[in-house]
Amino acid sequence: VQLQASGGGMVQPGGSLKLSCTGFQGTFANYVVAWFRQTPGKEREFVAVISWTGGLTEYSDSVKGRFTISRDNTKNAAYLQMTNLEPEDTAVYYCAAESTAANPWELRNPSDYTSWGQGTQVTVSS
């Protein structure tokens, strides 16, 4: 499945952005959805994951308390609300999804996901 990530842009430190992930096919509620980010020369980094109905969420320590992952199963969409953004959050953000029965909190590696969006650039700079 080819997903579409959108909503990136340039903001000042302390600002907010909301990313969206769409393009799901089939039964969206069967998918665990995650967000990753990547900067040049570095590996893709786990940001957050959400379970099939949204009842369980997990975050990396670097974004916990500032980012919120959510989903709307009636719209086949997932979101990443980012607040209090820092220059260190600058990266290309990717959404990923996997139709799986595995525990979502264990799915923190890019290799756990077979469906990806194309990435959206987030730049935090004054």
# chains A, B, ... in the order shown; residues from 1 in each chain; ligands from 1
$ residues_around --residues "A:Met82" --least-positions-apart "2" --cutoff "9 Å" --atoms "only C-alpha atoms" --output "VMD selection string"
chain A and resid 15 to 19 63 66 to 69 80 84 to 85
$ write_last_selection --atoms "N, CA and C atoms" --output "JSON list (two decimals), in the first residue's frame"
[["chain", "number", "residue", "atom", "x", "y", "z"],
["A", 15, "GLY", "N", 6.75, 26.24, 17.78],
["A", 15, "GLY", "CA", 5.56, 26.18, 16.96],
["A", 15, "GLY", "C", 4.96, 24.78, 16.88],
["A", 16, "SER", "N", 3.90, 24.65, 16.09],
["A", 16, "SER", "CA", 3.17, 23.39, 15.96],
["A", 16, "SER", "C", 2.90, 23.07, 14.49],
["A", 17, "LEU", "N", 2.78, 21.80, 14.23],
["A", 17, "LEU", "CA", 2.37, 21.30, 12.93],
["A", 17, "LEU", "C", 1.56, 20.03, 13.14],
["A", 18, "LYS", "N", 0.67, 19.75, 12.19],
["A", 18, "LYS", "CA", -0.08, 18.49, 12.24],
["A", 18, "LYS", "C", 0.11, 17.76, 10.92],
["A", 19, "LEU", "N", 0.68, 16.59, 11.01],
["A", 19, "LEU", "CA", 0.89, 15.75, 9.83],
["A", 19, "LEU", "C", -0.28, 14.80, 9.65],
["A", 63, "VAL", "N", 10.18, 12.73, 21.91],
["A", 63, "VAL", "CA", 8.97, 13.47, 21.54],
["A", 63, "VAL", "C", 7.85, 13.33, 22.55],
["A", 66, "ARG", "N", 5.21, 16.01, 23.78],
["A", 66, "ARG", "CA", 5.10, 17.10, 22.80],
["A", 66, "ARG", "C", 4.32, 16.67, 21.56],
["A", 67, "PHE", "N", 4.42, 15.42, 21.18],
["A", 67, "PHE", "CA", 3.74, 14.91, 19.99],
["A", 67, "PHE", "C", 2.58, 14.00, 20.41],
["A", 68, "THR", "N", 1.55, 13.99, 19.58],
["A", 68, "THR", "CA", 0.40, 13.11, 19.81],
["A", 68, "THR", "C", 0.02, 12.42, 18.51],
["A", 69, "ILE", "N", 0.02, 11.10, 18.55],
["A", 69, "ILE", "CA", -0.41, 10.32, 17.39],
["A", 69, "ILE", "C", -1.89, 9.97, 17.58],
["A", 80, "LEU", "N", -0.26, 13.07, 13.18],
["A", 80, "LEU", "CA", 0.78, 13.33, 14.18],
["A", 80, "LEU", "C", 0.73, 14.82, 14.50],
["A", 84, "ASN", "N", 5.34, 22.44, 20.47],
["A", 84, "ASN", "CA", 6.60, 22.83, 21.09],
["A", 84, "ASN", "C", 7.80, 22.28, 20.30],
["A", 85, "LEU", "N", 7.75, 22.49, 19.01],
["A", 85, "LEU", "CA", 8.78, 21.94, 18.13],
["A", 85, "LEU", "C", 10.14, 22.56, 18.41]]
$ residues_around --residues "stretch 51-59 of chain A" --least-positions-apart "2" --cutoff "9 Å" --atoms "only C-alpha atoms" --output "ChimeraX atom specification"
/A:28-34,46-49,61-65,67-73,103-105
$ select_by_dssp --residues "stretch 18-83 of chain A" --states "strand (DSSP E or B)" --output "PyMOL selection string"
chain A and resi 18-22+31-38+45-50+57-59+67-72+77-82
$ residues_around --residues "stretch 108-121 of chain A" --least-positions-apart "3" --cutoff "9 Å" --atoms "only C-alpha atoms" --output "PyMOL selection string"
chain A and resi 1-10+19+21-23+33-34+36-37+44-49+90-99+104-105
$ atom_distance --atom1 "atom CA of A:Thr39" --atom2 "atom CA of A:Val124"
12.7 Å
$ atom_distance --atom1 "atom CA of A:Ala78" --atom2 "atom CA of A:Gln38"
19.0 Å
$ atom_distance --atom1 "atom CA of A:Ser125" --atom2 "atom CA of A:Lys42"
19.6 Å
$ decode --residues "stretch 10-35 of chain A" --atoms "C-alpha atoms" --output "PDB file, in the first residue's frame"
ATOM      1  CA  MET A  10       8.718  25.315   8.185  1.00  0.00           C
ATOM      2  CA  VAL A  11       7.964  26.630  11.665  1.00  0.00           C
ATOM      3  CA  GLN A  12       9.787  28.544  14.352  1.00  0.00           C
ATOM      4  CA  PRO A  13      10.918  26.836  17.561  1.00  0.00           C
ATOM      5  CA  GLY A  14       7.949  26.404  19.864  1.00  0.00           C
ATOM      6  CA  GLY A  15       5.559  26.175  16.958  1.00  0.00           C
ATOM      7  CA  SER A  16       3.165  23.394  15.962  1.00  0.00           C
ATOM      8  CA  LEU A  17       2.369  21.296  12.928  1.00  0.00           C
ATOM      9  CA  LYS A  18      -0.076  18.487  12.240  1.00  0.00           C
ATOM     10  CA  LEU A  19       0.889  15.754   9.829  1.00  0.00           C
ATOM     11  CA  SER A  20      -1.632  13.541   8.080  1.00  0.00           C
ATOM     12  CA  CYS A  21      -1.310  10.072   6.610  1.00  0.00           C
ATOM     13  CA  THR A  22      -3.854   8.818   4.096  1.00  0.00           C
ATOM     14  CA  GLY A  23      -4.112   6.351   1.237  1.00  0.00           C
ATOM     15  CA  PHE A  24      -4.998   3.269   3.187  1.00  0.00           C
ATOM     16  CA  GLN A  25      -6.715   0.526   1.287  1.00  0.00           C
ATOM     17  CA  GLY A  26      -8.744  -2.311   2.657  1.00  0.00           C
ATOM     18  CA  THR A  27      -9.807  -2.388   6.286  1.00  0.00           C
ATOM     19  CA  PHE A  28      -7.949   0.487   7.937  1.00  0.00           C
ATOM     20  CA  ALA A  29      -8.716  -0.814  11.413  1.00  0.00           C
ATOM     21  CA  ASN A  30      -6.518  -3.839  10.666  1.00  0.00           C
ATOM     22  CA  TYR A  31      -3.428  -1.623  10.446  1.00  0.00           C
ATOM     23  CA  VAL A  32      -1.010  -0.524  13.115  1.00  0.00           C
ATOM     24  CA  VAL A  33       0.247   2.929  12.099  1.00  0.00           C
ATOM     25  CA  ALA A  34       3.532   4.562  13.005  1.00  0.00           C
ATOM     26  CA  TRP A  35       5.512   7.690  12.284  1.00  0.00           C
TER      27      TRP A  35
END
